[in-house]
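A.B. asks: My structure file structure20.tsv, TSV, C-alpha atoms, is below:
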```
chain	number	residue	atom	x	y	z
U	1	MET	CA	-107.20	-70.69	-36.84
U	2	LYS	CA	-105.91	-74.19	-36.06
U	3	ILE	CA	-107.67	-74.21	-32.67
U	4	ILE	CA	-110.99	-73.32	-34.34
U	5	LYS	CA	-110.52	-76.22	-36.77
U	6	ILE	CA	-109.76	-78.63	-33.91
U	7	ILE	CA	-112.88	-77.42	-32.03
U	8	LYS	CA	-114.95	-78.03	-35.20
U	9	ILE	CA	-113.56	-81.57	-35.52
U	10	ILE	CA	-114.25	-82.24	-31.81
U	11	LYS	CA	-117.83	-80.98	-32.27
U	12	ILE	CA	-118.46	-83.27	-35.24
U	13	VAL	CA	-116.87	-86.31	-33.55
U	14	SER	CA	-118.94	-85.60	-30.40
U	15	ALA	CA	-122.11	-85.45	-32.50
U	16	LEU	CA	-121.27	-88.81	-34.06
U	17	LEU	CA	-120.53	-90.31	-30.64
U	18	VAL	CA	-123.87	-89.02	-29.35
U	19	VAL	CA	-125.60	-90.69	-32.30
U	20	ILE	CA	-123.83	-93.98	-31.56
U	21	ILE	CA	-124.68	-93.89	-27.83
U	22	LEU	CA	-128.29	-92.75	-28.20
U	23	SER	CA	-129.42	-94.90	-31.10
U	24	GLY	CA	-129.96	-98.61	-30.77
U	25	CYS	CA	-129.81	-100.23	-34.19
U	26	GLY	CA	-129.19	-103.94	-33.92
U	27	ILE	CA	-127.60	-106.63	-36.07
U	28	THR	CA	-130.31	-108.69	-37.77
U	29	LYS	CA	-128.33	-111.64	-39.08
U	30	LYS	CA	-129.10	-113.89	-36.10
U	31	THR	CA	-132.84	-113.09	-36.21
U	32	LEU	CA	-133.04	-113.81	-39.92
U	33	GLY	CA	-131.03	-117.01	-39.54
U	34	LEU	CA	-128.19	-115.75	-41.71
U	35	THR	CA	-125.39	-116.70	-39.33
U	36	ARG	CA	-123.61	-119.96	-40.00
U	37	GLN	CA	-123.72	-122.31	-37.08
U	38	GLY	CA	-120.73	-124.58	-37.59
U	39	PRO	CA	-119.43	-127.11	-35.10
U	40	ASP	CA	-117.89	-125.72	-31.96
U	41	ALA	CA	-114.33	-126.99	-31.81
U	42	SER	CA	-114.15	-126.65	-28.07
U	43	ALA	CA	-117.38	-128.59	-27.61
U	44	VAL	CA	-116.17	-131.70	-29.47
U	45	LYS	CA	-115.97	-134.67	-27.13
U	46	THR	CA	-112.51	-136.15	-26.70
U	47	ASN	CA	-112.12	-139.75	-27.86
U	48	GLU	CA	-112.00	-142.43	-25.22
U	49	PRO	CA	-108.77	-144.50	-25.25
U	50	LEU	CA	-108.96	-147.61	-27.41
U	51	ILE	CA	-109.49	-150.82	-25.43
U	52	LEU	CA	-109.83	-154.47	-26.36
U	53	PRO	CA	-113.43	-155.67	-26.27
U	54	PRO	CA	-114.31	-158.10	-23.49
U	55	GLU	CA	-113.85	-161.81	-24.39
U	56	TYR	CA	-111.73	-160.82	-27.37
U	57	SER	CA	-110.08	-164.24	-27.25
U	58	VAL	CA	-113.40	-165.94	-28.18
U	59	ARG	CA	-113.29	-166.45	-31.93
U	60	PRO	CA	-116.30	-167.08	-34.22
U	61	LYS	CA	-117.22	-170.66	-35.00
U	62	LYS	CA	-115.32	-172.05	-37.96
U	63	ASP	CA	-118.35	-173.19	-40.01
U	64	LEU	CA	-120.08	-169.85	-39.55
U	65	VAL	CA	-117.03	-168.03	-40.83
U	66	GLU	CA	-116.77	-170.32	-43.84
U	67	ASN	CA	-120.48	-169.87	-44.69
U	68	ASN	CA	-120.23	-166.13	-44.35
U	69	GLN	CA	-119.67	-165.47	-48.04
U	70	ASP	CA	-121.27	-162.06	-48.05
U	71	GLY	CA	-119.25	-160.82	-45.10
U	72	GLU	CA	-122.32	-160.63	-42.90
U	73	TYR	CA	-122.03	-160.55	-39.19
U	74	PHE	CA	-123.17	-163.64	-37.26
U	75	GLU	CA	-124.00	-163.63	-33.64
U	76	ASP	CA	-123.43	-166.73	-31.56
G	77	MET	CA	-137.36	-73.94	-26.76
G	78	PHE	CA	-141.14	-74.59	-26.91
G	79	LEU	CA	-140.92	-75.67	-30.56
G	80	GLY	CA	-138.12	-78.10	-29.66
G	81	LEU	CA	-140.15	-79.60	-26.82
G	82	ILE	CA	-143.17	-80.11	-29.13
G	83	VAL	CA	-140.92	-81.87	-31.67
G	84	SER	CA	-139.45	-84.05	-28.90
G	85	LEU	CA	-142.91	-84.99	-27.66
G	86	LEU	CA	-144.11	-85.87	-31.18
G	87	ALA	CA	-140.95	-87.92	-31.76
G	88	VAL	CA	-141.46	-89.90	-28.53
G	89	LEU	CA	-145.16	-90.46	-29.28
G	90	THR	CA	-144.71	-91.69	-32.87
G	91	ASP	CA	-141.76	-93.87	-31.85
G	92	GLN	CA	-143.60	-95.49	-28.95
G	93	LEU	CA	-146.79	-96.02	-30.98
G	94	SER	CA	-144.86	-97.73	-33.79
G	95	LYS	CA	-143.04	-99.96	-31.29
G	96	LEU	CA	-146.31	-100.80	-29.53
G	97	TRP	CA	-147.81	-101.95	-32.85
G	98	ILE	CA	-144.77	-104.09	-33.63
G	99	PHE	CA	-144.72	-105.50	-30.09
G	100	ASP	CA	-148.39	-106.56	-30.30
G	101	ASN	CA	-148.58	-107.73	-33.92
G	102	ILE	CA	-145.22	-109.25	-34.86
G	103	SER	CA	-143.91	-112.48	-33.35
G	104	ALA	CA	-140.22	-113.05	-32.59
G	105	ASP	CA	-139.46	-115.10	-35.72
G	106	GLN	CA	-141.91	-113.37	-38.08
G	107	VAL	CA	-140.59	-111.48	-41.10
G	108	ILE	CA	-142.88	-109.21	-43.15
G	109	HIS	CA	-141.37	-108.55	-46.60
G	110	LEU	CA	-141.87	-105.04	-47.95
G	111	GLY	CA	-140.81	-105.23	-51.58
G	112	GLY	CA	-137.37	-106.56	-52.42
G	113	TYR	CA	-135.25	-104.37	-50.18
G	114	ALA	CA	-137.01	-104.02	-46.85
G	115	ASN	CA	-138.45	-106.19	-44.10
G	116	ILE	CA	-140.28	-105.63	-40.86
G	117	ILE	CA	-138.83	-107.82	-38.15
G	118	LYS	CA	-138.57	-107.85	-34.38
G	119	VAL	CA	-135.05	-107.48	-32.97
G	120	TRP	CA	-134.11	-106.65	-29.39
G	121	ASN	CA	-130.86	-104.76	-28.84
G	122	THR	CA	-129.52	-104.36	-25.31
G	123	GLY	CA	-126.51	-102.37	-26.53
G	124	VAL	CA	-125.94	-99.22	-28.58
G	125	SER	CA	-125.55	-98.73	-32.36
G	126	PHE	CA	-124.64	-101.76	-34.47
G	127	SER	CA	-125.32	-103.98	-31.42
G	128	MET	CA	-122.14	-102.71	-29.73
G	129	LEU	CA	-121.96	-103.19	-25.93
G	130	ASN	CA	-124.61	-105.88	-26.29
G	131	GLY	CA	-125.28	-108.43	-23.56
G	132	HIS	CA	-124.16	-106.64	-20.40
G	133	GLY	CA	-127.37	-107.38	-18.53
G	134	LEU	CA	-129.08	-105.06	-16.11
G	135	LEU	CA	-125.92	-103.07	-15.34
G	136	GLY	CA	-125.41	-102.34	-19.04
G	137	THR	CA	-129.03	-101.23	-19.42
G	138	ILE	CA	-128.77	-98.93	-16.39
G	139	CYS	CA	-125.44	-97.44	-17.56
G	140	LEU	CA	-126.71	-96.80	-21.10
G	141	SER	CA	-129.99	-95.31	-19.84
G	142	VAL	CA	-128.17	-92.99	-17.42
G	143	ALA	CA	-125.70	-91.96	-20.16
G	144	ALA	CA	-128.58	-91.24	-22.55
G	145	LEU	CA	-130.44	-89.21	-19.90
G	146	LEU	CA	-127.31	-87.18	-19.12
G	147	ILE	CA	-126.84	-86.44	-22.82
G	148	CYS	CA	-130.53	-85.46	-23.04
G	149	ALA	CA	-130.06	-83.07	-20.10
G	150	PHE	CA	-127.10	-81.45	-21.86
G	151	LEU	CA	-129.04	-81.21	-25.14
G	152	LEU	CA	-132.02	-79.64	-23.31
G	153	TYR	CA	-129.69	-77.03	-21.79
G	154	TRP	CA	-128.28	-76.39	-25.28
G	155	MET	CA	-131.82	-76.11	-26.71
G	156	LYS	CA	-132.73	-73.55	-24.03
G	157	LYS	CA	-129.72	-71.37	-24.97
G	158	GLU	CA	-130.06	-71.87	-28.74
G	159	THR	CA	-131.61	-69.14	-30.90
G	160	GLN	CA	-131.54	-70.75	-34.38
G	161	LYS	CA	-134.79	-72.49	-35.26
G	162	VAL	CA	-133.11	-75.22	-37.33
G	163	LYS	CA	-130.84	-76.21	-34.45
G	164	ILE	CA	-133.74	-76.20	-31.97
G	165	LEU	CA	-135.68	-78.52	-34.29
G	166	CYS	CA	-132.69	-80.86	-34.67
G	167	LEU	CA	-132.12	-80.96	-30.91
G	168	GLY	CA	-135.82	-81.71	-30.45
G	169	PHE	CA	-135.55	-84.66	-32.81
G	170	ILE	CA	-132.42	-86.01	-31.07
G	171	ILE	CA	-133.89	-85.63	-27.56
G	172	GLY	CA	-137.18	-87.26	-28.62
G	173	GLY	CA	-135.41	-90.19	-30.25
G	174	ALA	CA	-133.11	-90.67	-27.29
G	175	LEU	CA	-136.02	-90.64	-24.83
G	176	GLY	CA	-137.91	-93.15	-27.02
G	177	ASN	CA	-135.02	-95.59	-26.75
G	178	VAL	CA	-134.59	-94.93	-22.99
G	179	ILE	CA	-138.30	-95.74	-22.45
G	180	ASP	CA	-137.70	-99.07	-24.23
G	181	ARG	CA	-134.67	-99.85	-22.07
G	182	ILE	CA	-136.64	-99.11	-18.90
G	183	ASN	CA	-139.73	-101.09	-20.02
G	184	HIS	CA	-138.09	-104.10	-21.68
G	185	GLY	CA	-134.37	-103.89	-20.82
G	186	ALA	CA	-133.61	-103.55	-24.55
G	187	VAL	CA	-134.41	-101.39	-27.57
G	188	LEU	CA	-136.93	-102.78	-30.07
G	189	ASP	CA	-135.75	-102.48	-33.69
G	190	PHE	CA	-138.01	-103.41	-36.58
G	191	LEU	CA	-136.91	-101.76	-39.83
G	192	ASP	CA	-134.55	-103.98	-41.83
G	193	PHE	CA	-133.16	-102.76	-45.17
G	194	HIS	CA	-131.04	-105.01	-47.33
G	195	TYR	CA	-129.44	-105.22	-50.73
G	196	ASP	CA	-127.85	-108.22	-52.40
G	197	GLY	CA	-127.83	-110.20	-49.17
G	198	TYR	CA	-126.22	-107.42	-47.12
G	199	HIS	CA	-128.37	-106.21	-44.23
G	200	TRP	CA	-128.04	-102.78	-42.63
G	201	PRO	CA	-128.55	-103.14	-38.86
G	202	ALA	CA	-132.26	-102.99	-38.00
G	203	PHE	CA	-133.41	-99.69	-36.59
G	204	ASN	CA	-136.54	-97.92	-35.35
G	205	LEU	CA	-138.13	-94.47	-35.64
G	206	ALA	CA	-136.16	-93.17	-32.64
G	207	ASP	CA	-132.86	-94.04	-34.36
G	208	THR	CA	-134.11	-92.29	-37.51
G	209	TYR	CA	-134.95	-89.11	-35.57
G	210	ILE	CA	-131.55	-89.12	-33.83
G	211	CYS	CA	-129.65	-89.60	-37.11
G	212	ILE	CA	-131.67	-86.97	-39.02
G	213	GLY	CA	-131.24	-84.45	-36.18
G	214	ALA	CA	-127.49	-85.04	-35.87
G	215	PHE	CA	-126.97	-85.01	-39.65
G	216	ILE	CA	-128.74	-81.66	-40.11
G	217	LEU	CA	-126.88	-80.23	-37.07
G	218	ILE	CA	-123.50	-81.21	-38.56
G	219	CYS	CA	-124.47	-79.93	-42.03
G	220	ASP	CA	-125.70	-76.64	-40.53
G	221	GLU	CA	-122.46	-76.24	-38.58
G	222	LEU	CA	-120.36	-76.91	-41.71
G	223	TYR	CA	-122.53	-74.58	-43.83
G	224	HIS	CA	-122.14	-71.73	-41.32
G	225	GLU	CA	-118.39	-72.26	-41.30
G	226	TYR	CA	-118.37	-72.16	-45.11
G	227	THR	CA	-120.45	-68.94	-45.32
G	228	LYS	CA	-118.33	-67.28	-42.62
G	229	ARG	CA	-115.15	-68.06	-44.53
G	230	LYS	CA	-116.71	-66.84	-47.78
G	231	GLU	CA	-117.74	-63.53	-46.19
G	232	LYS	CA	-114.26	-63.11	-44.74
G	233	ASN	CA	-112.64	-63.71	-48.13
G	234	GLU	CA	-115.01	-61.23	-49.83
G	235	ASN	CA	-114.26	-58.55	-47.24
G	236	ASN	CA	-110.53	-59.01	-47.73
```
Give the structure from the file, written as structure tokens.
C.D. replies:
Amino acid sequence: MKIIKIIKIIKIVSALLVVIILSGCGITKKTLGLTRQGPDASAVKTNEPLILPPEYSVRPKKDLVENNQDGEYFED
Amino acid sequence: MFLGLIVSLLAVLTDQLSKLWIFDNISADQVIHLGGYANIIKVWNTGVSFSMLNGHGLLGTICLSVAALLICAFLLYWMKKETQKVKILCLGFIIGGALGNVIDRINHGAVLDFLDFHYDGYHWPAFNLADTYICIGAFILICDELYHEYTKRKEKNENN
């Protein structure tokens, strides 16, 4: 009796496996744009090491700094 | 056997005609809304159900096609031996559906799915007529098997 039951279960599982192998239903989320596309952690560029800018010792002219009330940037 | 082959042929024909219409009339990013719970879309699946075994290239396509053809050969042998009409019909549906999907794999390298059903934002994987035939055939086969088991047991109990 037990063997017959096992054979029945095997038959049903085989039928389900056949359905899975033969059919080809596909996930639609990507097509419909429903997948979230967040940033890829591995694709983030590593930061370059901090360096001093060239001619860092050159300071802005004194009068320009004094006139810069609004904190604007002046180029020489 | 003959009845099963006719059903298989009809299944392949309707499946291929529906896919041909979708292939010619629907673009890749087009979605046709059918009411609130269904869409017609164009999805290519190189794998099996639920997009499993997807993306294995030509080798995957060949393996899946060969596996499907072997299963079809077994089902044909079963259909030849079978005497019950219901089972012959079911096997015809399964073989037809399977061949419909194999034709797609050979022609395009993937199966074309276009029926998308959804509810409350949850989408069932898109499927086609071939998938429907396979599922209906297998479902009735399993139900028939379980029903026969039930009636056999009932008869046995009545005799005792």
A.B. asks: With the cut-off set at 6 Å and counting all atoms listed in the file, tabulate each residue of chain U with an atom at most that distance from an atom of chain G, showing the nearest atom pair and its distance in Å to one decimal, ordered by chain and increasing number, as a tab-separated table.
C.D. replies:
```
residue	atom	partner	partner_atom	distance
U:Ile20	CA	G:Ser125	CA	5.1
U:Ile21	CA	G:Val124	CA	5.5
U:Leu22	CA	G:Ala174	CA	5.3
U:Ser23	CA	G:Asp207	CA	4.8
U:Gly24	CA	G:Val124	CA	4.6
U:Cys25	CA	G:Phe203	CA	4.4
U:Gly26	CA	G:Ser127	CA	4.6
U:Ile27	CA	G:Pro201	CA	4.6
U:Thr28	CA	G:Pro201	CA	5.9
```
A.B. asks: One decimal, in Å: what's the spacing between CA of Leu146 in chain G and CA of Ile179 in chain G?
C.D. replies: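 For CA of Leu146 in chain G relative to CA of Ile179 in chain G, the distance reads 14.3 Å.
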A.B. asks: Would you mind reading off the distance between CA of Gln160 in chain G and CA of Asp220 in chain G, one decimal, in Å?
C.D. replies: 10.3 Å
A.B. asks: Could you tell me, as a list in words, which residues have any atom at most 12 Å from (-143.1, -84.1, -30.6), counting all atoms listed in the file?
C.D. replies: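 Answer for this query, in the requested form: Phe78, Leu79, Gly80, Leu81, Ile82, Val83, Ser84, Leu85, Leu86, Ala87, Val88, Leu89, Thr90, Asp91, Gln92, Leu165, Cys166, Leu167, Gly168, Phe169, Ile170, Ile171, Gly172, Gly173, Leu175, Gly176, Ala206 and Tyr209 of chain G.
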